[in-house]
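A short worksheet on the structure shown next.
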Amino acid sequence: MNLEFYKYQGTGNDFVMIDNRTKTFPKKNTAIISKLCDRNFGVGADGVILIENDDQFDFKMIYFNADGSQTFCGNGGRCAVAFSKHLNIIDSKTKFIAYDGEHIAEIENGIVSLKMIDVDEIKVNENSVFAYTGTQHHVELVNDLNNFPVFEKGKEIRYSYADPGSNVNFVQQINNTTFRVRTYEKGVENETLACGTGVTAVAIAMHKTKKTNSNLISLPVEGGNLEVSFTEENGSYSDVFLKGPATFVFKGNINFNE
């Protein structure tokens with residue numbers, strides 16, 4: 001199989017993008033997905049994103065983690081919007097369907113603002129917060145994020161949750177509206193340079209625990225800067241938007257034996 005792909009990244013969260021409107025990609029072959037994501041033997045990415053047709057929406061986004069598992073990915077969603085614009089499926093605004101439901105988004109000068117799902121599943125624990133923002137997220141404040149063992153502690157916490165586990169975000173507060181984040185992602189099983197659903201969970205967790213009273217949060221990550229805004233009412237969060245760059249990296253072809 002000769003596969004044409006595009007590589008996109010959103011604040012360092014990188015993805016193999018495939019135009020699958022002809023439905024030719026073997027979605028059940030997780031070995032191909034893992035090999036595409038392999039940074040030594042494949043293209044190299046945190047995940048694979050397929051763009052497909054949908055009768056009710058501009059397009060359907062299907063996201064696979066590097067291990068072949070499916071979920072939603074915020075930065076992947078933003079890159080899917082940029083890729084769909086490149087394919088002339090959309091112009092500057094879109095409504096699409098993904099693993100966690102429908103999303104609207106807008107792209108302007110390479111910056112994508114993506115509406116996330118409403119968030120009301122928030123559990124405040126003694127030293128952490130758990131929130132579902134399209135996938136599972138553990139949020140924990142730390143003092144020295146530069147030297148924190150993100151991989152070791154992240155992996156430990158990730159598997160402390162029942163299947164399918166949880167992504168793990170370690171956070172250092174910079175000021176009232178700025179929180180720096182490093183994330184261990186399940187499915188990738190490593191620290192990534194950014195996580196869109198992760199910074200969304202962090203912004204909401206910091207507001208929920210009164211670390212901030214702002215509804216517009218800046219979130220520096222290892223790969224750049226993201227922004228999350230929301231409306232809160234009676235402990236529930238709606239009009240949640242994730243905003244940041246989505247960048248084309250390169251296009252290529254790769255041969256695979258199915």
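Residues in the structure tokens are named by chain (A, B, ... in the order shown) and by number from 1 within that chain; ligands are numbered from 1 in the order shown.
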
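Around stretch 94-97 of chain A, within 8 Å and counting only C-alpha atoms, the residues found are Phe57, Asp58, Phe59, Lys60, Met61, Val81, Ile90, Asp91, Asp100, Gly101, Glu102, His103, Ile104, Ala105 and Glu106 of chain A, once anything fewer than 3 positions away on its own chain is removed.
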
Residues near A:Glu140, cut-off 7 Å, only C-alpha atoms, skip fewer than 6 positions along chain, as a PyMOL selection string:
chain A and resi 127-129+169-171

May I have the residues from that selection written out with all heavy atoms, as an mmCIF file, in the first residue's frame?
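Result went into again15.cif, see below:
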```
data_model
loop_
_atom_site.group_PDB
_atom_site.id
_atom_site.type_symbol
_atom_site.label_atom_id
_atom_site.label_comp_id
_atom_site.auth_asym_id
_atom_site.auth_seq_id
_atom_site.Cartn_x
_atom_site.Cartn_y
_atom_site.Cartn_z
ATOM 1 N N ASN A 127 -5.052 16.452 46.492
ATOM 2 C CA ASN A 127 -3.863 17.003 45.840
ATOM 3 C C ASN A 127 -3.958 17.039 44.321
ATOM 4 O O ASN A 127 -2.958 17.257 43.641
ATOM 5 C CB ASN A 127 -2.625 16.193 46.247
ATOM 6 C CG ASN A 127 -2.354 16.275 47.733
ATOM 7 O OD1 ASN A 127 -2.311 17.366 48.293
ATOM 8 N ND2 ASN A 127 -2.188 15.122 48.374
ATOM 9 N N SER A 128 -5.153 16.802 43.785
ATOM 10 C CA SER A 128 -5.299 16.758 42.332
ATOM 11 C C SER A 128 -6.741 17.021 41.936
ATOM 12 O O SER A 128 -7.640 17.050 42.778
ATOM 13 C CB SER A 128 -4.844 15.404 41.778
ATOM 14 O OG SER A 128 -5.712 14.366 42.248
ATOM 15 N N VAL A 129 -6.935 17.188 40.625
ATOM 16 C CA VAL A 129 -8.274 17.349 40.059
ATOM 17 C C VAL A 129 -8.372 16.405 38.870
ATOM 18 O O VAL A 129 -7.425 16.260 38.095
ATOM 19 C CB VAL A 129 -8.522 18.800 39.601
ATOM 20 C CG1 VAL A 129 -9.904 18.927 38.942
ATOM 21 C CG2 VAL A 129 -8.403 19.769 40.767
ATOM 22 N N ASN A 169 -1.333 15.737 33.890
ATOM 23 C CA ASN A 169 -0.805 17.081 33.679
ATOM 24 C C ASN A 169 -0.200 17.622 34.960
ATOM 25 O O ASN A 169 -0.866 17.662 36.002
ATOM 26 C CB ASN A 169 -1.938 18.020 33.245
ATOM 27 C CG ASN A 169 -2.690 17.500 32.041
ATOM 28 O OD1 ASN A 169 -2.302 17.726 30.911
ATOM 29 N ND2 ASN A 169 -3.792 16.780 32.285
ATOM 30 N N PHE A 170 1.054 18.048 34.885
ATOM 31 C CA PHE A 170 1.715 18.697 36.005
ATOM 32 C C PHE A 170 1.781 20.187 35.717
ATOM 33 O O PHE A 170 2.134 20.603 34.609
ATOM 34 C CB PHE A 170 3.099 18.105 36.219
ATOM 35 C CG PHE A 170 3.064 16.635 36.548
ATOM 36 C CD1 PHE A 170 3.434 15.691 35.606
ATOM 37 C CD2 PHE A 170 2.624 16.193 37.789
ATOM 38 C CE1 PHE A 170 3.392 14.337 35.898
ATOM 39 C CE2 PHE A 170 2.567 14.834 38.088
ATOM 40 C CZ PHE A 170 2.954 13.914 37.139
ATOM 41 N N VAL A 171 1.438 20.993 36.712
ATOM 42 C CA VAL A 171 1.174 22.415 36.497
ATOM 43 C C VAL A 171 1.961 23.272 37.477
ATOM 44 O O VAL A 171 2.044 22.945 38.667
ATOM 45 C CB VAL A 171 -0.332 22.714 36.683
ATOM 46 C CG1 VAL A 171 -0.650 24.152 36.302
ATOM 47 C CG2 VAL A 171 -1.188 21.739 35.895
#
```

What's around A:His138 at 9 Å? Count only C-alpha atoms, leave out sequence neighbours fewer than 3 positions away in its own chain, and write the answer as a list in words.
Ser128, Val129, Phe130, Ala131, Tyr132, Ile157, Arg158, Ser166, Asn167, Val168, Asn169, Phe170, Gly198, Ala201 and Val202 of chain A

Enumerate, in order of chain and increasing residue number, the residues of stretch 93-141 of chain A with an atom no farther than 8 Å from stretch 82-85 of chain A, each with its shortest atom pair and distance in Å to one decimal, counting only C-alpha atoms, as a Markdown table.
```
| residue | atom | partner | partner_atom | distance |
| --- | --- | --- | --- | --- |
| A:Ile107 | CA | A:Ala82 | CA | 7.1 |
| A:Gly110 | CA | A:Ala82 | CA | 7.3 |
| A:Val112 | CA | A:Ala82 | CA | 7.5 |
```

Give me a file of those residues, with N, CA, C and O atoms, as a PDB file, in the first residue's frame.
```
ATOM      1  N   ILE A 107     -10.533  29.229  11.727  1.00  0.00           N
ATOM      2  CA  ILE A 107      -9.105  29.344  11.454  1.00  0.00           C
ATOM      3  C   ILE A 107      -8.825  30.682  10.772  1.00  0.00           C
ATOM      4  O   ILE A 107      -9.523  31.073   9.837  1.00  0.00           O
ATOM      5  N   GLY A 110      -3.465  30.821  10.331  1.00  0.00           N
ATOM      6  CA  GLY A 110      -2.807  29.681  10.956  1.00  0.00           C
ATOM      7  C   GLY A 110      -3.140  29.469  12.420  1.00  0.00           C
ATOM      8  O   GLY A 110      -2.629  28.535  13.051  1.00  0.00           O
ATOM      9  N   VAL A 112      -5.998  28.474  15.108  1.00  0.00           N
ATOM     10  CA  VAL A 112      -7.294  27.787  15.154  1.00  0.00           C
ATOM     11  C   VAL A 112      -7.907  27.919  16.537  1.00  0.00           C
ATOM     12  O   VAL A 112      -7.265  27.623  17.548  1.00  0.00           O
TER      13      VAL A 112
END
```

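Excluding A:Asp163 itself and same-chain residues fewer than 5 positions from it, the residues having an atom within 12 Å of it are Gln136, Arg158, Lys186 and Gly187 of chain A, counting only C-alpha atoms.
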
Restricting it to N, CA and C atoms, dump the selection as a tab-separated table (two decimals), in the first residue's frame.
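Just written: part-v4.tsv:
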```tsv
chain	number	residue	atom	x	y	z
A	136	GLN	N	-9.69	11.56	29.40
A	136	GLN	CA	-9.50	11.63	30.84
A	136	GLN	C	-8.23	12.42	31.19
A	158	ARG	N	-0.82	7.59	35.64
A	158	ARG	CA	-1.63	7.17	34.50
A	158	ARG	C	-2.22	5.78	34.72
A	186	LYS	N	-1.41	9.17	27.86
A	186	LYS	CA	-1.70	7.75	27.63
A	186	LYS	C	-1.88	7.53	26.14
A	187	GLY	N	-1.57	6.34	25.70
A	187	GLY	CA	-1.65	6.06	24.25
A	187	GLY	C	-0.36	6.38	23.55
```

Would you kindly return, as a VMD selection string, each protein, DNA or RNA residue with an atom no farther than 7 Å from any atom of A:Asn255, considering only C-alpha atoms and excluding same-chain residues fewer than 4 positions away?
chain A and resid 1 to 3

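The strand (DSSP E or B) portion of stretch 96-140 of chain A consists of Phe96, Ile97, Ala98, Gly101, Glu102, His103, Ile104, Ala105, Glu106, Ile107, Glu108, Ile111, Val112, Ser113, Leu114, Lys115, Val119, Ile122, Lys123, Val124, Val129, Phe130, Ala131, Tyr132, Gln136, His137, His138, Val139 and Glu140 of chain A, with states taken from DSSP on the backbone.
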
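With only C-alpha atoms as the atoms that count, the residue of A:Asn125, A:Ile174, A:Gly10, A:Gly134 with the shortest distance to A:Tyr99 is A:Gly134.
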
Rounded to one decimal, what separation in Å do you get between atom CA of A:Glu189 and atom CA of A:Ile51?
24.3 Å

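Note that atom CA of A:Thr231 and atom CA of A:Asn215 are 6.6 Å apart.
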
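A straight line drawn from atom CA of A:Asn20 to atom CA of A:Val240 is 28.5 Å long.
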
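Residue nearest A:Gly235 within the list A:Asp120, A:Ser214, A:Asn88, A:Glu222: A:Asp120 [criterion: smallest interatomic distance, only C-alpha atoms].
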
Can you list, as JSON, numbers by chain, every protein, DNA or RNA residue that comes within 10 Å of A:Gly44 when you count only C-alpha atoms, leaving out same-chain residues fewer than 3 positions away?
{"A": [7, 14, 15, 16, 34, 35, 36, 37, 38, 39, 40, 41, 47, 48, 66]}

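The shell of residues at most 9 Å from A:Glu227, with only C-alpha atoms counted and near chain neighbours (fewer than 3 positions) removed, consists of Val199, Thr200, Ala203, Leu216, Ile217, Ser218, Leu219, Pro220, Phe241, Leu242, Lys243 and Gly244 of chain A.
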
Any chance you could export the current selection's all heavy atoms as a PDB file, in the first residue's frame?
```
ATOM      1  N   VAL A 199      -4.441  20.986  28.484  1.00  0.00           N
ATOM      2  CA  VAL A 199      -4.449  22.380  28.948  1.00  0.00           C
ATOM      3  C   VAL A 199      -5.882  22.854  29.202  1.00  0.00           C
ATOM      4  O   VAL A 199      -6.111  23.710  30.067  1.00  0.00           O
ATOM      5  CB  VAL A 199      -3.721  23.335  27.968  1.00  0.00           C
ATOM      6  CG1 VAL A 199      -2.249  22.969  27.859  1.00  0.00           C
ATOM      7  CG2 VAL A 199      -4.390  23.384  26.613  1.00  0.00           C
ATOM      8  N   THR A 200      -6.845  22.298  28.480  1.00  0.00           N
ATOM      9  CA  THR A 200      -8.252  22.611  28.748  1.00  0.00           C
ATOM     10  C   THR A 200      -8.638  22.146  30.144  1.00  0.00           C
ATOM     11  O   THR A 200      -9.268  22.886  30.914  1.00  0.00           O
ATOM     12  CB  THR A 200      -9.159  21.948  27.691  1.00  0.00           C
ATOM     13  OG1 THR A 200      -8.759  22.391  26.390  1.00  0.00           O
ATOM     14  CG2 THR A 200     -10.613  22.294  27.927  1.00  0.00           C
ATOM     15  N   ALA A 203      -6.917  24.495  32.740  1.00  0.00           N
ATOM     16  CA  ALA A 203      -7.579  25.799  32.881  1.00  0.00           C
ATOM     17  C   ALA A 203      -8.840  25.672  33.736  1.00  0.00           C
ATOM     18  O   ALA A 203      -9.075  26.490  34.646  1.00  0.00           O
ATOM     19  CB  ALA A 203      -7.922  26.350  31.503  1.00  0.00           C
ATOM     20  N   LEU A 216     -10.186  33.447  31.010  1.00  0.00           N
ATOM     21  CA  LEU A 216      -9.265  33.412  29.870  1.00  0.00           C
ATOM     22  C   LEU A 216      -7.884  33.092  30.413  1.00  0.00           C
ATOM     23  O   LEU A 216      -7.279  33.911  31.116  1.00  0.00           O
ATOM     24  CB  LEU A 216      -9.262  34.752  29.128  1.00  0.00           C
ATOM     25  CG  LEU A 216      -8.284  34.881  27.954  1.00  0.00           C
ATOM     26  CD1 LEU A 216      -8.607  33.863  26.871  1.00  0.00           C
ATOM     27  CD2 LEU A 216      -8.314  36.297  27.379  1.00  0.00           C
ATOM     28  N   ILE A 217      -7.398  31.900  30.098  1.00  0.00           N
ATOM     29  CA  ILE A 217      -6.174  31.380  30.712  1.00  0.00           C
ATOM     30  C   ILE A 217      -5.090  31.161  29.662  1.00  0.00           C
ATOM     31  O   ILE A 217      -5.338  30.554  28.621  1.00  0.00           O
ATOM     32  CB  ILE A 217      -6.448  30.030  31.430  1.00  0.00           C
ATOM     33  CG1 ILE A 217      -7.678  30.140  32.336  1.00  0.00           C
ATOM     34  CG2 ILE A 217      -5.227  29.573  32.204  1.00  0.00           C
ATOM     35  CD1 ILE A 217      -7.545  31.082  33.488  1.00  0.00           C
ATOM     36  N   SER A 218      -3.878  31.641  29.950  1.00  0.00           N
ATOM     37  CA  SER A 218      -2.710  31.385  29.100  1.00  0.00           C
ATOM     38  C   SER A 218      -1.979  30.162  29.633  1.00  0.00           C
ATOM     39  O   SER A 218      -1.766  30.030  30.841  1.00  0.00           O
ATOM     40  CB  SER A 218      -1.764  32.593  29.104  1.00  0.00           C
ATOM     41  OG  SER A 218      -2.396  33.717  28.535  1.00  0.00           O
ATOM     42  N   LEU A 219      -1.562  29.284  28.712  1.00  0.00           N
ATOM     43  CA  LEU A 219      -0.984  27.999  29.111  1.00  0.00           C
ATOM     44  C   LEU A 219       0.274  27.707  28.299  1.00  0.00           C
ATOM     45  O   LEU A 219       0.229  27.094  27.237  1.00  0.00           O
ATOM     46  CB  LEU A 219      -2.017  26.892  28.933  1.00  0.00           C
ATOM     47  CG  LEU A 219      -3.269  27.124  29.801  1.00  0.00           C
ATOM     48  CD1 LEU A 219      -4.538  26.946  29.012  1.00  0.00           C
ATOM     49  CD2 LEU A 219      -3.246  26.212  31.022  1.00  0.00           C
ATOM     50  N   PRO A 220       1.436  28.171  28.785  1.00  0.00           N
ATOM     51  CA  PRO A 220       2.697  27.810  28.129  1.00  0.00           C
ATOM     52  C   PRO A 220       2.939  26.302  28.268  1.00  0.00           C
ATOM     53  O   PRO A 220       2.822  25.737  29.364  1.00  0.00           O
ATOM     54  CB  PRO A 220       3.751  28.605  28.902  1.00  0.00           C
ATOM     55  CG  PRO A 220       2.990  29.635  29.685  1.00  0.00           C
ATOM     56  CD  PRO A 220       1.647  29.047  29.941  1.00  0.00           C
ATOM     57  N   PHE A 241     -13.231  27.112  24.669  1.00  0.00           N
ATOM     58  CA  PHE A 241     -12.480  27.242  23.421  1.00  0.00           C
ATOM     59  C   PHE A 241     -10.985  27.064  23.669  1.00  0.00           C
ATOM     60  O   PHE A 241     -10.422  27.648  24.600  1.00  0.00           O
ATOM     61  CB  PHE A 241     -12.724  28.600  22.765  1.00  0.00           C
ATOM     62  CG  PHE A 241     -14.025  28.681  22.019  1.00  0.00           C
ATOM     63  CD1 PHE A 241     -15.186  29.065  22.676  1.00  0.00           C
ATOM     64  CD2 PHE A 241     -14.095  28.337  20.672  1.00  0.00           C
ATOM     65  CE1 PHE A 241     -16.397  29.136  21.996  1.00  0.00           C
ATOM     66  CE2 PHE A 241     -15.300  28.400  19.979  1.00  0.00           C
ATOM     67  CZ  PHE A 241     -16.452  28.790  20.648  1.00  0.00           C
ATOM     68  N   LEU A 242     -10.366  26.252  22.831  1.00  0.00           N
ATOM     69  CA  LEU A 242      -8.917  26.041  22.819  1.00  0.00           C
ATOM     70  C   LEU A 242      -8.354  26.755  21.604  1.00  0.00           C
ATOM     71  O   LEU A 242      -8.799  26.523  20.484  1.00  0.00           O
ATOM     72  CB  LEU A 242      -8.614  24.541  22.740  1.00  0.00           C
ATOM     73  CG  LEU A 242      -7.156  24.135  22.466  1.00  0.00           C
ATOM     74  CD1 LEU A 242      -6.260  24.485  23.662  1.00  0.00           C
ATOM     75  CD2 LEU A 242      -7.068  22.641  22.151  1.00  0.00           C
ATOM     76  N   LYS A 243      -7.359  27.618  21.823  1.00  0.00           N
ATOM     77  CA  LYS A 243      -6.845  28.445  20.733  1.00  0.00           C
ATOM     78  C   LYS A 243      -5.328  28.352  20.658  1.00  0.00           C
ATOM     79  O   LYS A 243      -4.637  28.416  21.666  1.00  0.00           O
ATOM     80  CB  LYS A 243      -7.259  29.900  20.960  1.00  0.00           C
ATOM     81  CG  LYS A 243      -6.894  30.848  19.833  1.00  0.00           C
ATOM     82  CD  LYS A 243      -7.426  32.241  20.123  1.00  0.00           C
ATOM     83  CE  LYS A 243      -7.113  33.225  19.008  1.00  0.00           C
ATOM     84  NZ  LYS A 243      -7.644  34.581  19.309  1.00  0.00           N
ATOM     85  N   GLY A 244      -4.830  28.189  19.424  1.00  0.00           N
ATOM     86  CA  GLY A 244      -3.394  28.137  19.217  1.00  0.00           C
ATOM     87  C   GLY A 244      -3.063  27.836  17.761  1.00  0.00           C
ATOM     88  O   GLY A 244      -3.952  27.657  16.924  1.00  0.00           O
TER      89      GLY A 244
END
```
